[in-house]
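**Q** Got a structure for you, written out below as structure tokens; questions coming shortly.
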Amino acid sequence: MSSDKIPMTKDGYEKKKAELAHMEGVEMIEAAKRVAAARDLGDLSENAEYHAAREDHAMLQAKIDQLKDQLSRAVIVDQTALPRDAVVFGARVRIKNLDNGKDEVYQLVGPGDEDYTKNKILTTSPRGQGLLGKKVGEKVEIKVPKGTLKYQVQEISFPD
């Protein structure tokens, strides 16, 4: 696990906390019941249900551990203290794609607040990382798996 701090809004932090409580208080109990029920079916060496239930249980535990790690490294960001003239956590940024001339709008958020259908992207994503700190008029090249994206920052705003 990384030791980097993870910026989050209070709402994003509360969502992650609620997700963790649900996993530990509901899903983990169900997973343990499935393991116990499958164990009761007999010979464990040939019991596919048992092995599948154990694997599901282990995967859930890994998700819980990851969530606990994120929450332990979370930093609640006071957005009122951030600069207003640069792309920062919480900013909505309108950028022009320099390859096709089209404008794109993204809001940079932390874990728990991401929503790709609404263009709310993580600050830790390649696009988010590339835009952080940029000011209106600046050009940026962002390396992504499919190549290099070229943008110019058009506008920075801060939604309520």
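Letters A, B, ... mark the chains of the structure tokens in the order given; residue numbers begin at 1 per chain; ligand numbers begin at 1, in order shown.
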So which bits of range 55-121 of chain A end up helix (DSSP H, G or I) when you DSSP the backbone, as a PDB file with N, CA and C atoms, in the first residue's frame?
**A**
ATOM      1  N   GLU A  55     -12.804 -18.027  -2.041  1.00  0.00           N
ATOM      2  CA  GLU A  55     -12.204 -17.030  -2.918  1.00  0.00           C
ATOM      3  C   GLU A  55     -12.968 -15.708  -2.839  1.00  0.00           C
ATOM      4  N   ASP A  56     -14.316 -15.775  -2.851  1.00  0.00           N
ATOM      5  CA  ASP A  56     -15.144 -14.572  -2.714  1.00  0.00           C
ATOM      6  C   ASP A  56     -14.845 -13.872  -1.387  1.00  0.00           C
ATOM      7  N   HIS A  57     -14.724 -14.660  -0.334  1.00  0.00           N
ATOM      8  CA  HIS A  57     -14.429 -14.128   1.004  1.00  0.00           C
ATOM      9  C   HIS A  57     -13.078 -13.405   0.993  1.00  0.00           C
ATOM     10  N   ALA A  58     -12.082 -14.002   0.375  1.00  0.00           N
ATOM     11  CA  ALA A  58     -10.742 -13.406   0.312  1.00  0.00           C
ATOM     12  C   ALA A  58     -10.748 -12.122  -0.520  1.00  0.00           C
ATOM     13  N   MET A  59     -11.497 -12.113  -1.623  1.00  0.00           N
ATOM     14  CA  MET A  59     -11.568 -10.915  -2.467  1.00  0.00           C
ATOM     15  C   MET A  59     -12.259  -9.774  -1.717  1.00  0.00           C
ATOM     16  N   LEU A  60     -13.302 -10.098  -0.972  1.00  0.00           N
ATOM     17  CA  LEU A  60     -13.997  -9.089  -0.182  1.00  0.00           C
ATOM     18  C   LEU A  60     -13.060  -8.526   0.886  1.00  0.00           C
ATOM     19  N   GLN A  61     -12.304  -9.410   1.534  1.00  0.00           N
ATOM     20  CA  GLN A  61     -11.351  -8.957   2.559  1.00  0.00           C
ATOM     21  C   GLN A  61     -10.308  -8.022   1.947  1.00  0.00           C
ATOM     22  N   ALA A  62      -9.872  -8.324   0.730  1.00  0.00           N
ATOM     23  CA  ALA A  62      -8.897  -7.459   0.053  1.00  0.00           C
ATOM     24  C   ALA A  62      -9.497  -6.078  -0.227  1.00  0.00           C
ATOM     25  N   LYS A  63     -10.776  -6.040  -0.654  1.00  0.00           N
ATOM     26  CA  LYS A  63     -11.451  -4.758  -0.892  1.00  0.00           C
ATOM     27  C   LYS A  63     -11.570  -3.964   0.408  1.00  0.00           C
ATOM     28  N   ILE A  64     -11.897  -4.659   1.490  1.00  0.00           N
ATOM     29  CA  ILE A  64     -12.013  -4.006   2.801  1.00  0.00           C
ATOM     30  C   ILE A  64     -10.663  -3.428   3.209  1.00  0.00           C
ATOM     31  N   ASP A  65      -9.607  -4.202   3.043  1.00  0.00           N
ATOM     32  CA  ASP A  65      -8.267  -3.729   3.397  1.00  0.00           C
ATOM     33  C   ASP A  65      -7.879  -2.500   2.570  1.00  0.00           C
ATOM     34  N   GLN A  66      -8.214  -2.518   1.276  1.00  0.00           N
ATOM     35  CA  GLN A  66      -7.899  -1.392   0.393  1.00  0.00           C
ATOM     36  C   GLN A  66      -8.660  -0.137   0.838  1.00  0.00           C
ATOM     37  N   LEU A  67      -9.935  -0.312   1.180  1.00  0.00           N
ATOM     38  CA  LEU A  67     -10.761   0.801   1.624  1.00  0.00           C
ATOM     39  C   LEU A  67     -10.246   1.377   2.939  1.00  0.00           C
ATOM     40  N   LYS A  68      -9.859   0.501   3.860  1.00  0.00           N
ATOM     41  CA  LYS A  68      -9.296   0.960   5.134  1.00  0.00           C
ATOM     42  C   LYS A  68      -8.012   1.757   4.887  1.00  0.00           C
ATOM     43  N   ASP A  69      -7.203   1.288   3.944  1.00  0.00           N
ATOM     44  CA  ASP A  69      -5.966   1.989   3.599  1.00  0.00           C
ATOM     45  C   ASP A  69      -6.284   3.382   3.051  1.00  0.00           C
ATOM     46  N   GLN A  70      -7.259   3.462   2.139  1.00  0.00           N
ATOM     47  CA  GLN A  70      -7.636   4.762   1.564  1.00  0.00           C
ATOM     48  C   GLN A  70      -8.109   5.714   2.662  1.00  0.00           C
ATOM     49  N   LEU A  71      -8.960   5.204   3.548  1.00  0.00           N
ATOM     50  CA  LEU A  71      -9.493   6.051   4.609  1.00  0.00           C
ATOM     51  C   LEU A  71      -8.397   6.499   5.571  1.00  0.00           C
ATOM     52  N   SER A  72      -7.429   5.633   5.819  1.00  0.00           N
ATOM     53  CA  SER A  72      -6.350   5.999   6.742  1.00  0.00           C
ATOM     54  C   SER A  72      -5.445   7.082   6.150  1.00  0.00           C
ATOM     55  N   ARG A  73      -5.406   7.175   4.814  1.00  0.00           N
ATOM     56  CA  ARG A  73      -4.556   8.172   4.154  1.00  0.00           C
ATOM     57  C   ARG A  73      -5.339   9.382   3.668  1.00  0.00           C
ATOM     58  N   GLN A  79     -11.736  23.308   0.422  1.00  0.00           N
ATOM     59  CA  GLN A  79     -11.625  23.887  -0.915  1.00  0.00           C
ATOM     60  C   GLN A  79     -11.573  25.414  -0.904  1.00  0.00           C
ATOM     61  N   THR A  80     -12.032  26.043   0.171  1.00  0.00           N
ATOM     62  CA  THR A  80     -12.002  27.505   0.220  1.00  0.00           C
ATOM     63  C   THR A  80     -10.576  28.024   0.370  1.00  0.00           C
ATOM     64  N   ALA A  81      -9.651  27.157   0.811  1.00  0.00           N
ATOM     65  CA  ALA A  81      -8.261  27.582   1.016  1.00  0.00           C
ATOM     66  C   ALA A  81      -7.393  27.375  -0.231  1.00  0.00           C
ATOM     67  N   TYR A 116     -17.862   9.064 -13.687  1.00  0.00           N
ATOM     68  CA  TYR A 116     -17.375   9.263 -15.047  1.00  0.00           C
ATOM     69  C   TYR A 116     -18.485   9.641 -16.004  1.00  0.00           C
ATOM     70  N   THR A 117     -19.747   9.318 -15.672  1.00  0.00           N
ATOM     71  CA  THR A 117     -20.862   9.717 -16.531  1.00  0.00           C
ATOM     72  C   THR A 117     -21.095  11.223 -16.450  1.00  0.00           C
ATOM     73  N   LYS A 118     -20.612  11.856 -15.361  1.00  0.00           N
ATOM     74  CA  LYS A 118     -20.763  13.303 -15.188  1.00  0.00           C
ATOM     75  C   LYS A 118     -19.414  14.019 -15.311  1.00  0.00           C
TER      76      LYS A 118
END
**Q** Name the residues in contact with Ala38 in chain A at a cut-off of 10 Å, using only C-alpha atoms, excluding same-chain residues fewer than 3 positions from it; report them as a ChimeraX atom specification.
**A** /A:32-35,41-44,47-54
**Q** Using only C-alpha atoms, determine which residues lie at most 9 Å from Glu138 in chain A, disregarding the query and same-chain residues fewer than 3 positions distant; provide the list as a list in words.
**A**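 Once the nearby chain positions are removed, what remains is Lys134, Lys135, Tyr151, Gln152, Val153 and Gln154 of chain A.
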**Q** Could you write out the selected residues, including C-alpha atoms, as a tab-separated table (two decimals), in the first residue's frame?
**A**
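Output (result_10.tsv):
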chain	number	residue	atom	x	y	z
A	134	LYS	CA	-2.29	24.48	-14.86
A	135	LYS	CA	-3.70	27.96	-15.47
A	151	TYR	CA	-5.08	20.29	-24.43
A	152	GLN	CA	-5.25	23.98	-23.72
A	153	VAL	CA	-6.93	25.15	-20.52
A	154	GLN	CA	-9.85	27.43	-21.45
**Q** Please report as CSV every residue of range 63-104 of chain A lying within 6 Å of range 3-17 of chain A, along with the nearest atom pair and their distance in Å (one decimal), using only C-alpha atoms.
**A**
residue,atom,partner,partner_atom,distance
A:Arg73,CA,A:Lys5,CA,4.9
A:Ala74,CA,A:Ile6,CA,4.7
A:Val75,CA,A:Pro7,CA,4.9
A:Ile76,CA,A:Met8,CA,5.1
A:Val77,CA,A:Thr9,CA,5.8
**Q** Can you tell me how far CA of Val88 in chain A sits from CA of Leu108 in chain A, in Å to one decimal?
**A**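 Between these atoms lies a distance of 7.3 Å.
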**Q** Calculate how many Å separate CA of Arg94 in chain A from CA of Asp115 in chain A, rounding to one decimal.
**A**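 So the answer is 16.8 Å.
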**Q** Write down as a list in words the residues belonging to range 51-127 of chain A that are assigned strand (DSSP E) by DSSP computed on the backbone.
**A** Ala74, Val75, Ile76, Arg92, Val93, Arg94, Ile95, Lys96, Asn97, Asp103, Glu104, Val105, Tyr106, Gln107, Leu108, Val109, Lys120, Ile121 and Leu122 of chain A
**Q** Which one of A:Asn100, A:Asn119, A:Gln129, A:Ser45 sits closest to Val87 in chain A if you count only C-alpha atoms?
**A** A:Gln129
